[in-house]
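J.: So here's data36.tsv (TSV, C-alpha atoms).
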chain	number	residue	atom	x	y	z
B	508	MET	CA	40.31	-0.05	0.80
B	509	SER	CA	41.73	-3.11	2.42
B	510	GLY	CA	41.06	-5.50	-0.42
B	511	LYS	CA	39.50	-7.93	2.00
B	512	PRO	CA	35.98	-9.17	1.30
B	513	LEU	CA	33.36	-7.08	3.11
B	514	PHE	CA	30.31	-8.79	4.57
B	515	HIS	CA	26.98	-7.02	4.99
B	516	TYR	CA	24.61	-8.79	7.40
B	517	ASP	CA	23.14	-8.45	10.85
B	518	GLU	CA	25.19	-9.52	13.83
B	519	VAL	CA	23.86	-13.06	13.98
B	520	ARG	CA	24.50	-16.46	12.36
B	521	GLY	CA	21.58	-16.61	9.97
B	522	ARG	CA	22.50	-17.16	6.33
B	523	MET	CA	25.93	-15.58	6.62
B	524	GLU	CA	27.38	-18.01	9.13
B	525	SER	CA	28.15	-20.70	6.52
B	526	VAL	CA	30.21	-18.12	4.65
B	527	ARG	CA	32.06	-17.16	7.83
B	528	TRP	CA	32.89	-20.83	8.45
B	529	LEU	CA	34.10	-21.28	4.88
B	530	LEU	CA	36.48	-18.32	4.94
B	531	ALA	CA	37.69	-19.27	8.40
B	532	ALA	CA	38.55	-22.76	7.11
B	533	ALA	CA	40.28	-21.24	4.08
B	534	GLY	CA	42.28	-18.90	6.32
B	535	VAL	CA	40.96	-15.83	4.50
B	536	GLU	CA	40.49	-12.59	6.42
B	537	TYR	CA	37.36	-10.54	5.89
B	538	GLU	CA	35.62	-7.49	7.31
B	539	GLU	CA	32.04	-7.14	8.43
B	540	LYS	CA	29.67	-4.20	8.40
B	541	PHE	CA	26.80	-5.13	10.70
B	542	ILE	CA	23.25	-4.06	10.04
B	543	GLN	CA	22.05	-2.80	13.41
B	544	THR	CA	18.77	-1.05	12.54
B	545	ASN	CA	16.07	-1.06	9.92
B	546	GLU	CA	17.57	2.22	8.65
B	547	ASP	CA	20.88	0.46	7.93
B	548	LEU	CA	19.01	-2.12	5.82
B	549	GLU	CA	16.96	0.52	4.02
B	550	LYS	CA	20.12	2.45	3.19
B	551	LEU	CA	21.65	-0.59	1.50
B	552	ARG	CA	18.41	-1.01	-0.45
B	553	SER	CA	18.20	2.61	-1.55
B	554	ASP	CA	21.90	2.59	-2.50
B	555	GLY	CA	20.94	-0.10	-5.00
B	556	VAL	CA	23.57	-2.57	-3.84
B	557	LEU	CA	21.23	-5.46	-3.05
B	558	MET	CA	20.09	-7.08	-6.29
B	559	PHE	CA	17.00	-8.60	-4.67
B	560	GLN	CA	16.80	-6.17	-1.72
B	561	GLN	CA	18.14	-8.91	0.55
B	562	VAL	CA	21.20	-9.77	2.59
B	563	PRO	CA	23.65	-11.54	2.82
B	564	MET	CA	25.67	-9.35	0.50
B	565	VAL	CA	29.43	-9.63	0.09
B	566	GLU	CA	31.67	-7.10	-1.63
B	567	VAL	CA	34.48	-9.11	-3.20
B	568	ASP	CA	36.73	-8.73	-6.24
B	569	GLY	CA	34.76	-5.77	-7.54
B	570	MET	CA	31.40	-7.53	-7.24
B	571	LYS	CA	28.50	-6.99	-4.89
B	572	LEU	CA	27.37	-10.58	-4.57
B	573	VAL	CA	24.05	-11.58	-3.04
B	574	GLN	CA	22.49	-15.03	-2.58
B	575	THR	CA	24.24	-17.29	-0.12
B	576	ARG	CA	24.95	-20.09	-2.59
B	577	ALA	CA	26.43	-17.71	-5.16
B	578	ILE	CA	28.73	-16.37	-2.47
B	579	LEU	CA	29.68	-19.81	-1.14
B	580	ASN	CA	30.30	-21.21	-4.64
B	581	TYR	CA	32.51	-18.26	-5.57
B	582	PHE	CA	34.69	-18.54	-2.48
B	583	SER	CA	34.81	-22.33	-2.80
B	584	SER	CA	36.11	-22.05	-6.36
B	585	LYS	CA	38.50	-19.24	-5.52
B	586	TYR	CA	40.07	-21.04	-2.54
B	587	ASN	CA	40.12	-24.48	-4.07
B	588	LEU	CA	37.48	-26.00	-1.82
B	589	TYR	CA	35.28	-27.27	-4.63
B	590	GLY	CA	36.92	-30.53	-5.72
B	591	LYS	CA	39.15	-31.23	-8.69
B	592	ASP	CA	36.57	-31.86	-11.40
B	593	MET	CA	32.92	-31.98	-12.36
B	594	LYS	CA	32.23	-35.31	-10.71
B	595	GLU	CA	33.82	-34.35	-7.39
B	596	ARG	CA	31.86	-31.16	-7.53
B	597	ALA	CA	28.66	-33.17	-8.06
B	598	LEU	CA	29.28	-35.13	-4.85
B	599	ILE	CA	30.22	-31.97	-2.96
B	600	ASP	CA	27.04	-30.25	-4.16
B	601	MET	CA	24.88	-33.22	-3.17
B	602	TYR	CA	26.25	-33.37	0.37
B	603	SER	CA	26.24	-29.57	0.73
B	604	GLU	CA	22.64	-29.25	-0.41
B	605	GLY	CA	21.46	-31.96	1.97
B	606	LEU	CA	23.17	-30.13	4.82
B	607	ALA	CA	21.75	-26.78	3.62
B	608	ASP	CA	18.23	-28.24	3.94
B	609	LEU	CA	19.00	-28.98	7.58
B	610	ASN	CA	20.57	-25.55	8.11
B	611	ASP	CA	17.53	-23.81	6.63
B	612	ILE	CA	15.43	-25.22	9.46
B	613	PHE	CA	18.13	-24.50	12.05
B	614	ILE	CA	18.29	-20.84	11.05
B	615	ILE	CA	14.62	-20.06	11.59
B	616	TYR	CA	13.31	-22.59	14.11
B	617	PRO	CA	13.61	-20.18	17.10
B	618	PHE	CA	11.02	-17.93	15.45
B	619	PHE	CA	8.25	-20.49	15.29
B	620	PRO	CA	5.40	-20.58	17.84
B	621	PRO	CA	5.83	-23.19	20.64
B	622	GLY	CA	4.07	-26.24	19.12
B	623	VAL	CA	5.63	-25.81	15.68
B	624	LYS	CA	9.06	-25.15	17.19
B	625	GLU	CA	9.17	-28.56	18.90
B	626	ALA	CA	8.10	-30.24	15.65
B	627	LYS	CA	10.92	-28.50	13.78
B	628	ILE	CA	13.45	-29.60	16.41
B	629	SER	CA	12.30	-33.22	16.03
B	630	LEU	CA	12.51	-32.91	12.28
B	631	MET	CA	16.08	-31.61	12.46
B	632	LYS	CA	17.15	-34.39	14.81
B	633	GLU	CA	15.61	-36.95	12.50
B	634	LYS	CA	17.34	-35.54	9.43
B	635	ALA	CA	20.67	-35.27	11.24
B	636	THR	CA	20.69	-38.78	12.64
B	637	ASN	CA	19.44	-40.45	9.48
B	638	HIS	CA	22.30	-39.32	7.27
B	639	TYR	CA	24.57	-42.22	6.49
B	640	LEU	CA	27.79	-42.48	4.55
B	641	VAL	CA	26.87	-45.11	1.98
B	642	GLY	CA	23.68	-46.35	0.36
B	643	ASN	CA	21.46	-44.28	2.64
B	644	LYS	CA	21.43	-46.80	5.45
B	645	LEU	CA	23.62	-47.72	8.41
B	646	SER	CA	26.69	-49.63	7.36
B	647	LYS	CA	30.02	-50.57	8.83
B	648	ALA	CA	31.46	-47.34	7.42
B	649	ASP	CA	29.28	-45.27	9.73
B	650	ILE	CA	30.12	-47.42	12.76
B	651	HIS	CA	33.87	-47.24	12.04
B	652	LEU	CA	33.68	-43.48	11.67
B	653	VAL	CA	31.90	-43.02	15.01
B	654	GLU	CA	34.31	-45.45	16.66
B	655	MET	CA	37.33	-43.58	15.30
B	656	ILE	CA	36.01	-40.22	16.43
B	657	TYR	CA	35.63	-41.54	19.98
B	658	ASN	CA	39.06	-43.24	19.87
B	659	MET	CA	40.81	-40.18	18.54
B	660	GLU	CA	39.17	-38.04	21.20
B	661	GLU	CA	40.61	-40.39	23.83
B	662	LEU	CA	44.07	-39.80	22.40
B	663	ASP	CA	43.50	-36.14	22.27
B	664	ALA	CA	40.37	-34.48	23.63
B	665	ASN	CA	41.16	-31.60	21.33
B	666	ILE	CA	40.70	-33.55	18.10
B	667	ILE	CA	39.68	-30.34	16.33
B	668	ALA	CA	43.36	-29.39	16.45
B	669	ASN	CA	43.64	-31.31	13.18
B	670	PHE	CA	41.83	-28.41	11.66
B	671	PRO	CA	43.85	-25.53	13.13
B	672	LEU	CA	42.04	-22.79	11.25
B	673	LEU	CA	38.65	-24.12	12.31
B	674	GLN	CA	39.96	-24.51	15.84
B	675	LYS	CA	40.83	-20.81	15.74
B	676	PHE	CA	37.30	-20.05	14.51
B	677	LEU	CA	35.87	-21.97	17.46
B	678	GLN	CA	37.82	-19.90	20.02
B	679	PRO	CA	36.16	-16.98	21.83
B	680	GLY	CA	36.87	-13.71	20.04
B	681	SER	CA	36.61	-15.15	16.51
B	682	GLN	CA	34.03	-13.91	14.03
B	683	ARG	CA	31.77	-16.88	14.77
B	684	GLN	CA	28.36	-15.72	15.98
B	685	PRO	CA	26.69	-17.20	19.11
B	686	PRO	CA	23.28	-18.90	19.11
B	687	LEU	CA	20.27	-16.61	19.09
B	688	ASP	CA	18.95	-15.33	22.41
B	689	GLU	CA	15.70	-13.45	23.04
B	690	LYS	CA	17.38	-10.06	22.67
B	691	ALA	CA	18.93	-10.97	19.30
B	692	MET	CA	15.60	-12.30	18.03
B	693	GLU	CA	13.85	-9.04	18.93
B	694	LYS	CA	16.54	-7.09	17.12
B	695	ILE	CA	16.11	-9.18	13.97
B	696	LYS	CA	12.37	-8.56	14.02
B	697	MET	CA	13.02	-4.84	14.35
B	698	ILE	CA	15.56	-4.71	11.49
B	699	PHE	CA	13.56	-6.81	9.04
B	700	LYS	CA	10.16	-5.61	10.25
B	701	PHE	CA	8.24	-8.82	10.88
U	925	MET	CA	27.40	-47.34	-20.17
U	926	ALA	CA	26.67	-43.88	-21.46
U	927	GLY	CA	22.91	-44.15	-21.80
U	928	LYS	CA	20.42	-41.35	-21.53
U	929	PRO	CA	19.91	-39.70	-18.15
U	930	VAL	CA	16.93	-41.18	-16.27
U	931	LEU	CA	14.80	-38.80	-14.24
U	932	HIS	CA	12.88	-40.12	-11.23
U	933	TYR	CA	10.00	-37.92	-10.07
U	934	PHE	CA	6.24	-37.53	-9.89
U	935	ASN	CA	4.21	-36.73	-12.96
U	936	ALA	CA	4.39	-33.03	-12.14
U	937	ARG	CA	6.60	-29.96	-12.52
U	938	GLY	CA	7.69	-29.60	-8.91
U	939	ARG	CA	11.43	-29.59	-8.34
U	940	MET	CA	12.24	-31.59	-11.48
U	941	GLU	CA	10.89	-29.22	-14.12
U	942	CYS	CA	13.93	-26.93	-14.16
U	943	ILE	CA	16.09	-30.01	-14.82
U	944	ARG	CA	13.84	-31.07	-17.71
U	945	TRP	CA	14.15	-27.56	-19.15
U	946	LEU	CA	17.93	-27.48	-18.89
U	947	LEU	CA	18.40	-30.89	-20.51
U	948	ALA	CA	15.96	-29.96	-23.26
U	949	ALA	CA	17.70	-26.65	-23.92
U	950	ALA	CA	21.03	-28.46	-24.08
U	951	GLY	CA	19.53	-30.83	-26.65
U	952	VAL	CA	19.96	-33.85	-24.38
U	953	GLU	CA	17.44	-36.67	-24.65
U	954	PHE	CA	16.34	-38.12	-21.35
U	955	GLU	CA	14.04	-40.82	-19.99
U	956	GLU	CA	11.62	-40.51	-17.13
U	957	LYS	CA	10.47	-43.03	-14.57
U	958	LEU	CA	7.36	-41.54	-13.04
U	959	ILE	CA	6.48	-42.14	-9.39
U	960	GLU	CA	2.76	-42.85	-9.44
U	961	CYS	CA	2.09	-44.32	-6.00
U	962	PRO	CA	3.73	-44.37	-2.56
U	963	GLU	CA	5.09	-47.88	-3.27
U	964	ASP	CA	7.16	-46.52	-6.17
U	965	LEU	CA	8.79	-44.01	-3.83
U	966	GLU	CA	9.26	-46.61	-1.08
U	967	LYS	CA	11.06	-48.89	-3.51
U	968	LEU	CA	13.54	-46.16	-4.41
U	969	LYS	CA	14.17	-45.55	-0.71
U	970	LYS	CA	14.57	-49.25	0.09
U	971	ASP	CA	16.96	-49.67	-2.81
U	972	GLY	CA	19.15	-47.02	-1.18
U	973	LYS	CA	18.98	-44.76	-4.20
U	974	LEU	CA	17.87	-41.60	-2.44
U	975	MET	CA	20.65	-40.12	-0.36
U	976	PHE	CA	18.27	-37.96	1.65
U	977	GLU	CA	15.12	-40.02	1.06
U	978	GLN	CA	13.96	-37.45	-1.46
U	979	VAL	CA	13.38	-36.93	-5.14
U	980	PRO	CA	14.29	-35.47	-7.65
U	981	MET	CA	16.80	-38.19	-8.43
U	982	VAL	CA	18.67	-38.43	-11.73
U	983	GLU	CA	20.78	-41.33	-12.94
U	984	ILE	CA	23.48	-39.77	-15.09
U	985	ASP	CA	27.02	-40.75	-16.09
U	986	GLY	CA	27.14	-43.62	-13.63
U	987	MET	CA	26.01	-41.45	-10.72
U	988	ILE	CA	22.79	-41.52	-8.75
U	989	MET	CA	22.32	-37.83	-8.10
U	990	VAL	CA	19.86	-36.13	-5.79
U	991	GLN	CA	19.37	-32.46	-4.83
U	992	THR	CA	18.10	-30.23	-7.58
U	993	ARG	CA	20.95	-27.73	-7.49
U	994	ALA	CA	23.61	-30.44	-7.55
U	995	ILE	CA	21.96	-31.98	-10.61
U	996	LEU	CA	21.55	-28.60	-12.36
U	997	ASN	CA	25.17	-27.62	-11.64
U	998	TYR	CA	26.44	-30.89	-13.11
U	999	ILE	CA	24.34	-30.65	-16.26
U	1000	ALA	CA	25.21	-26.97	-16.75
U	1001	THR	CA	28.93	-27.68	-16.43
U	1002	LYS	CA	28.81	-30.73	-18.68
U	1003	TYR	CA	27.03	-28.92	-21.50
U	1004	ASP	CA	28.95	-25.66	-21.16
U	1005	LEU	CA	26.01	-23.62	-19.94
U	1006	TYR	CA	27.70	-22.29	-16.81
U	1007	GLY	CA	29.77	-19.36	-18.06
U	1008	LYS	CA	33.43	-19.20	-19.02
U	1009	ASP	CA	34.99	-18.50	-15.62
U	1010	MET	CA	34.50	-18.04	-11.90
U	1011	LYS	CA	33.16	-14.51	-12.19
U	1012	GLU	CA	30.58	-15.38	-14.84
U	1013	ARG	CA	29.58	-18.34	-12.66
U	1014	ALA	CA	29.10	-15.95	-9.72
U	1015	LEU	CA	26.69	-13.81	-11.73
U	1016	ILE	CA	24.92	-16.88	-13.06
U	1017	ASP	CA	24.56	-18.27	-9.53
U	1018	MET	CA	23.33	-14.96	-8.14
U	1019	TYR	CA	20.68	-14.58	-10.85
U	1020	THR	CA	19.74	-18.28	-10.71
U	1021	GLU	CA	19.17	-18.18	-6.96
U	1022	GLY	CA	16.93	-15.13	-7.24
U	1023	ILE	CA	14.93	-16.92	-9.92
U	1024	ALA	CA	14.78	-20.02	-7.72
U	1025	ASP	CA	13.35	-18.00	-4.81
U	1026	LEU	CA	10.43	-16.74	-6.90
U	1027	THR	CA	9.94	-20.08	-8.68
U	1028	GLU	CA	9.80	-21.75	-5.25
U	1029	MET	CA	7.00	-19.42	-4.14
U	1030	ILE	CA	5.05	-20.29	-7.28
U	1031	MET	CA	5.64	-24.04	-6.90
U	1032	GLN	CA	4.48	-23.89	-3.26
U	1033	LEU	CA	1.05	-22.73	-4.44
U	1034	VAL	CA	0.34	-26.35	-5.33
U	1035	VAL	CA	0.51	-27.39	-1.66
U	1036	CYS	CA	-0.89	-24.15	-0.26
U	1037	PRO	CA	-4.12	-24.48	1.81
U	1038	PRO	CA	-7.03	-22.99	-0.17
U	1039	ASP	CA	-7.76	-20.26	2.38
U	1040	GLN	CA	-4.20	-18.90	2.11
U	1041	LYS	CA	-3.94	-19.11	-1.65
U	1042	GLU	CA	-5.27	-15.67	-2.54
U	1043	ALA	CA	-2.86	-13.92	-0.18
U	1044	LYS	CA	0.06	-15.98	-1.50
U	1045	ILE	CA	-0.80	-15.12	-5.11
U	1046	ALA	CA	-0.98	-11.41	-4.21
U	1047	LEU	CA	2.45	-11.67	-2.59
U	1048	ILE	CA	3.89	-13.44	-5.64
U	1049	LYS	CA	2.51	-10.76	-7.99
U	1050	ASP	CA	3.95	-8.03	-5.78
U	1051	LYS	CA	7.41	-9.58	-5.63
U	1052	THR	CA	7.35	-10.36	-9.34
U	1053	LYS	CA	6.49	-6.83	-10.36
U	1054	ASN	CA	8.50	-4.93	-7.76
U	1055	ARG	CA	11.53	-7.05	-6.97
U	1056	TYR	CA	12.40	-9.77	-9.44
U	1057	LEU	CA	11.39	-8.58	-12.91
U	1058	PRO	CA	12.90	-5.12	-12.37
U	1059	ALA	CA	16.18	-6.72	-11.26
U	1060	PHE	CA	16.50	-8.74	-14.47
U	1061	GLU	CA	15.26	-5.96	-16.74
U	1062	LYS	CA	18.04	-3.86	-15.19
U	1063	VAL	CA	20.66	-6.51	-16.01
U	1064	LEU	CA	19.62	-6.63	-19.66
U	1065	LYS	CA	19.53	-2.84	-19.85
U	1066	SER	CA	22.99	-2.52	-18.29
U	1067	HIS	CA	24.78	-4.39	-21.09
U	1068	GLY	CA	22.28	-4.37	-23.94
U	1069	GLN	CA	23.20	-7.94	-24.88
U	1070	ASP	CA	20.93	-10.73	-26.04
U	1071	TYR	CA	21.62	-12.97	-23.03
U	1072	LEU	CA	21.91	-12.36	-19.31
U	1073	VAL	CA	25.58	-13.30	-18.85
U	1074	GLY	CA	28.61	-13.38	-21.14
U	1075	ASN	CA	26.80	-12.51	-24.35
U	1076	ARG	CA	25.83	-16.12	-25.04
U	1077	LEU	CA	23.26	-18.66	-23.88
U	1078	THR	CA	23.80	-19.98	-20.35
U	1079	ARG	CA	21.63	-21.89	-17.92
U	1080	VAL	CA	20.28	-18.74	-16.32
U	1081	ASP	CA	18.56	-17.64	-19.54
U	1082	ILE	CA	16.67	-20.95	-19.54
U	1083	HIS	CA	15.79	-20.67	-15.83
U	1084	LEU	CA	14.47	-17.16	-16.46
U	1085	LEU	CA	12.44	-18.22	-19.49
U	1086	GLU	CA	10.81	-20.97	-17.43
U	1087	LEU	CA	9.97	-18.43	-14.72
U	1088	LEU	CA	8.56	-15.90	-17.18
U	1089	LEU	CA	6.22	-18.57	-18.53
U	1090	TYR	CA	4.95	-19.29	-14.99
U	1091	VAL	CA	4.51	-15.58	-14.37
U	1092	GLU	CA	2.48	-15.37	-17.56
U	1093	GLU	CA	0.31	-18.28	-16.41
U	1094	ILE	CA	-0.49	-16.39	-13.20
U	1095	ASP	CA	-1.10	-13.02	-14.85
U	1096	SER	CA	0.06	-12.13	-18.36
U	1097	SER	CA	-0.13	-8.40	-17.61
U	1098	LEU	CA	2.81	-8.71	-15.19
U	1099	LEU	CA	5.29	-8.68	-18.06
U	1100	ALA	CA	3.78	-5.60	-19.69
U	1101	SER	CA	6.23	-3.01	-18.38
U	1102	PHE	CA	9.38	-5.06	-19.04
U	1103	PRO	CA	10.20	-4.75	-22.75
U	1104	LEU	CA	13.67	-6.26	-22.57
U	1105	LEU	CA	12.40	-9.33	-20.71
U	1106	LYS	CA	9.62	-9.73	-23.26
U	1107	ALA	CA	12.18	-9.56	-26.05
U	1108	LEU	CA	14.41	-12.11	-24.28
U	1109	LYS	CA	11.44	-14.43	-23.88
U	1110	SER	CA	10.68	-14.25	-27.62
U	1111	ARG	CA	14.29	-14.75	-28.64
U	1112	LEU	CA	14.79	-17.76	-26.36
U	1113	SER	CA	11.49	-19.31	-27.42
U	1114	SER	CA	12.69	-19.41	-31.02
U	1115	LEU	CA	15.89	-21.32	-30.27
U	1116	PRO	CA	15.43	-24.75	-31.91
U	1117	ASN	CA	15.75	-26.89	-28.74
U	1118	VAL	CA	13.53	-24.56	-26.75
U	1119	LYS	CA	10.96	-24.31	-29.52
U	1120	LYS	CA	10.79	-28.10	-29.63
U	1121	PHE	CA	10.32	-28.32	-25.84
U	1122	LEU	CA	7.49	-25.79	-26.02
U	1123	GLN	CA	5.53	-27.94	-28.50
U	1124	PRO	CA	2.72	-30.19	-27.27
U	1125	GLY	CA	3.95	-33.75	-26.81
U	1126	SER	CA	7.31	-32.80	-25.31
U	1127	GLN	CA	8.34	-33.89	-21.81
U	1128	ARG	CA	7.37	-30.48	-20.40
U	1129	LYS	CA	4.78	-30.92	-17.64
U	1130	PRO	CA	1.54	-28.91	-17.45
U	1131	PRO	CA	0.28	-27.22	-14.27
U	1132	LEU	CA	-1.80	-29.43	-11.98
U	1133	ASP	CA	-5.48	-28.58	-11.72
U	1134	ALA	CA	-7.34	-28.61	-8.38
U	1135	LYS	CA	-8.63	-32.16	-8.96
U	1136	GLN	CA	-5.15	-33.54	-9.66
U	1137	ILE	CA	-3.74	-31.79	-6.58
U	1138	GLU	CA	-6.49	-33.35	-4.44
U	1139	GLU	CA	-5.74	-36.79	-5.85
U	1140	ALA	CA	-2.01	-36.33	-5.28
U	1141	ARG	CA	-2.73	-35.24	-1.70
U	1142	LYS	CA	-4.74	-38.40	-1.07
U	1143	THR	CA	-2.25	-40.70	-2.76
U	1144	PHE	CA	0.86	-39.30	-1.16
U	1145	LYS	CA	-0.75	-38.10	2.05
U	1146	PHE	CA	0.25	-34.46	2.30
Can you dump the structure from the file as structure tokens?

T.:
Amino acid sequence: MSGKPLFHYDEVRGRMESVRWLLAAAGVEYEEKFIQTNEDLEKLRSDGVLMFQQVPMVEVDGMKLVQTRAILNYFSSKYNLYGKDMKERALIDMYSEGLADLNDIFIIYPFFPPGVKEAKISLMKEKATNHYLVGNKLSKADIHLVEMIYNMEELDANIIANFPLLQKFLQPGSQRQPPLDEKAMEKIKMIFKF
Amino acid sequence: MAGKPVLHYFNARGRMECIRWLLAAAGVEFEEKLIECPEDLEKLKKDGKLMFEQVPMVEIDGMIMVQTRAILNYIATKYDLYGKDMKERALIDMYTEGIADLTEMIMQLVVCPPDQKEAKIALIKDKTKNRYLPAFEKVLKSHGQDYLVGNRLTRVDIHLLELLLYVEEIDSSLLASFPLLKALKSRLSSLPNVKKFLQPGSQRKPPLDAKQIEEARKTFKF
């Protein structure tokens, strides 16, 4: 047993990708056991290791944790990515939850029928572009931030180098999953039977 | 100024009810400013008080908080209802999220088109009986303690009590084959703060009837 966390999920972004990002940013190695067939999923269920019969599930520190937020919160606390006190945590939770709302749409929009899919894409764009830094409307803070991002990219097109671990995660060959293609979507439908 | 928390939401359970429950269970008095027409909601938005243009919003300890889970996490931590360490918090979070999934399905019934309602209720009953209640009965059986986590009251006991009451509203026979959950429900209901919240006249919100849902639809255009 390697002692590294073990991820159980299918070989796509879905609800596990946020956890992959988090551990990548924390510089924590983990292993993954991919669910490739419906039988793989049913085996996990019959082994009784999925509290609500669902994945993601992560084996870590003697626990078999399910529920994405439980997993994210645990790793955030463990690797000191959750602020220094209750009030910082409140802000972190607020921002994280707002972004999770957006991610929830992003995860499933490819599965919607054509008309609905376009509506979801518009909704995501609207939510993404209407997030502001202060007071829920455009202010100088937002403008300065955008300006600085452009300026810093001029200095160094590889601005992400400021986050070396994330930069590593963004390289080919990392554990980051690609966007869904038709083949991946069919596989998901087969595994989860819908 | 350390005044009472102020809750901003519609006169309904929705996404605020779990917050009302948690504050009540913690013995914390709170005020409510009810949103009764679209103009009320527009004013909150214009005043820049809703980070994502949404309610629930709670004014507490000098913060203007939105996002149900953020608010619940803060209250739970403040009133020591979130376990004693990281590992207890992990269990609490895991159980809480499962409860939230089922509670969400039940809350969505309010906005469900009438022709889909029967199928949705059947699905809820199935998941309740075959997925969620067995999972929590198993937890209680595994340690034989009076509370779900850490042998003392935490937020997740309150979240589960709230859910069990909704399950009972849908079909009281659903709880029949879960003796430990029934016992937990009784025990929690007799805790002084909970008992008080269960009395008529408390800030607990009733379910909406069909007429009220129709009116809300017209008023808020959904």

J.: Could you give me, as a Markdown table, a per-residue list for chain U showing, wherever an atom lies at most 6 Å from an atom of chain B, the closest pair of atoms and their distance in Å to one decimal, using all atoms listed in the file and sorting by chain then residue number from low to high?

T.:
| residue | atom | partner | partner_atom | distance |
| --- | --- | --- | --- | --- |
| U:Gly972 | CA | B:Gly642 | CA | 4.8 |
| U:Met975 | CA | B:Asn643 | CA | 5.2 |
| U:Gln991 | CA | B:Met601 | CA | 5.8 |
| U:Ala994 | CA | B:Asp600 | CA | 4.8 |
| U:Tyr998 | CA | B:Ala597 | CA | 6.0 |
| U:Ala1014 | CA | B:Ala577 | CA | 5.6 |
| U:Asp1017 | CA | B:Ala577 | CA | 4.8 |
| U:Met1018 | CA | B:Ala577 | CA | 5.1 |

J.: Using only C-alpha atoms for the distances, tell me which of U:Leu1105, U:Leu1026, U:Leu1064, U:Val1035 is nearest to U:Ile1048.

T.: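 Residue with the minimum atom-to-atom distance to U:Ile1048: U:Leu1026.
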
J.: Would you mind telling me which residue in B:Leu609, B:Leu530, B:Met631, B:Ile615 lies nearest to B:Asn587 when using all atoms listed in the file?

T.: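 Among B:Leu609, B:Leu530, B:Met631, B:Ile615, it is B:Leu530 that comes nearest to B:Asn587.
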
J.: Find the residues around U:Ala949 up to 8 Å (all atoms listed in the file counted), leave out those fewer than 3 positions away in its own chain, and share them as a PyMOL selection string.

T.: chain U and resi 945-946+952+1082+1117-1118+1121

J.: Please, could you write that set of residues out with C-alpha atoms as a PDB file, keeping the file's coordinate frame?

T.:
ATOM      1  CA  TRP U 945      14.150 -27.560 -19.150  1.00  0.00           C
ATOM      2  CA  LEU U 946      17.930 -27.480 -18.890  1.00  0.00           C
ATOM      3  CA  VAL U 952      19.960 -33.850 -24.380  1.00  0.00           C
ATOM      4  CA  ILE U1082      16.670 -20.950 -19.540  1.00  0.00           C
ATOM      5  CA  ASN U1117      15.750 -26.890 -28.740  1.00  0.00           C
ATOM      6  CA  VAL U1118      13.530 -24.560 -26.750  1.00  0.00           C
ATOM      7  CA  PHE U1121      10.320 -28.320 -25.840  1.00  0.00           C
TER       8      PHE U1121
END

J.: Have a look at atom CA of B:Leu672 and atom CA of B:Glu538 and let me know their distance in Å, one decimal.

T.: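 Going from atom CA of B:Leu672 over to atom CA of B:Glu538, I get 17.1 Å.
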
J.: Rounded to one decimal in Å, what is the spacing between atom CA of U:Glu1139 and atom CA of U:Thr992?

T.: 24.8 Å

J.: Quick one: residues within 8 Å of U:Lys957, only C-alpha atoms, excluding same-chain residues fewer than 3 positions away - as number ranges by chain?

T.: U: 930-933

J.: Give me the residues near stretch 937-943 of chain U as an mmCIF file with C-alpha atoms, keeping the file's coordinate frame, where near means some atom within 8 Å (using all atoms listed in the file) and where sequence neighbours in that chain fewer than 5 positions away do not count.

T.:
data_model
loop_
_atom_site.group_PDB
_atom_site.id
_atom_site.type_symbol
_atom_site.label_atom_id
_atom_site.label_comp_id
_atom_site.auth_asym_id
_atom_site.auth_seq_id
_atom_site.Cartn_x
_atom_site.Cartn_y
_atom_site.Cartn_z
ATOM 1 C CA PRO U 980 14.290 -35.470 -7.650
ATOM 2 C CA THR U 992 18.100 -30.230 -7.580
ATOM 3 C CA ILE U 995 21.960 -31.980 -10.610
ATOM 4 C CA LEU U 996 21.550 -28.600 -12.360
ATOM 5 C CA MET U 1031 5.640 -24.040 -6.900
ATOM 6 C CA HIS U 1083 15.790 -20.670 -15.830
ATOM 7 C CA GLU U 1086 10.810 -20.970 -17.430
ATOM 8 C CA ARG U 1128 7.370 -30.480 -20.400
ATOM 9 C CA LYS U 1129 4.780 -30.920 -17.640
ATOM 10 C CA PRO U 1130 1.540 -28.910 -17.450
ATOM 11 C CA PRO U 1131 0.280 -27.220 -14.270
#

J.: Report as a PyMOL selection string all protein, DNA and RNA residues lying within 10 Å of U:Ser1101, evaluated on only C-alpha atoms, omitting residues in the same chain fewer than 5 positions from it.

T.: chain U and resi 1053+1057-1058+1061+1106

J.: With only C-alpha atoms as the counted atoms, please give the residues lying no more than 12 Å from U:Ser1110, apart from itself and same-chain residues fewer than 5 positions off, as an NGL selection string.

T.: :U and (1070-1071 or 1081 or 1085 or 1088-1089 or 1103-1105 or 1115 or 1118-1119)
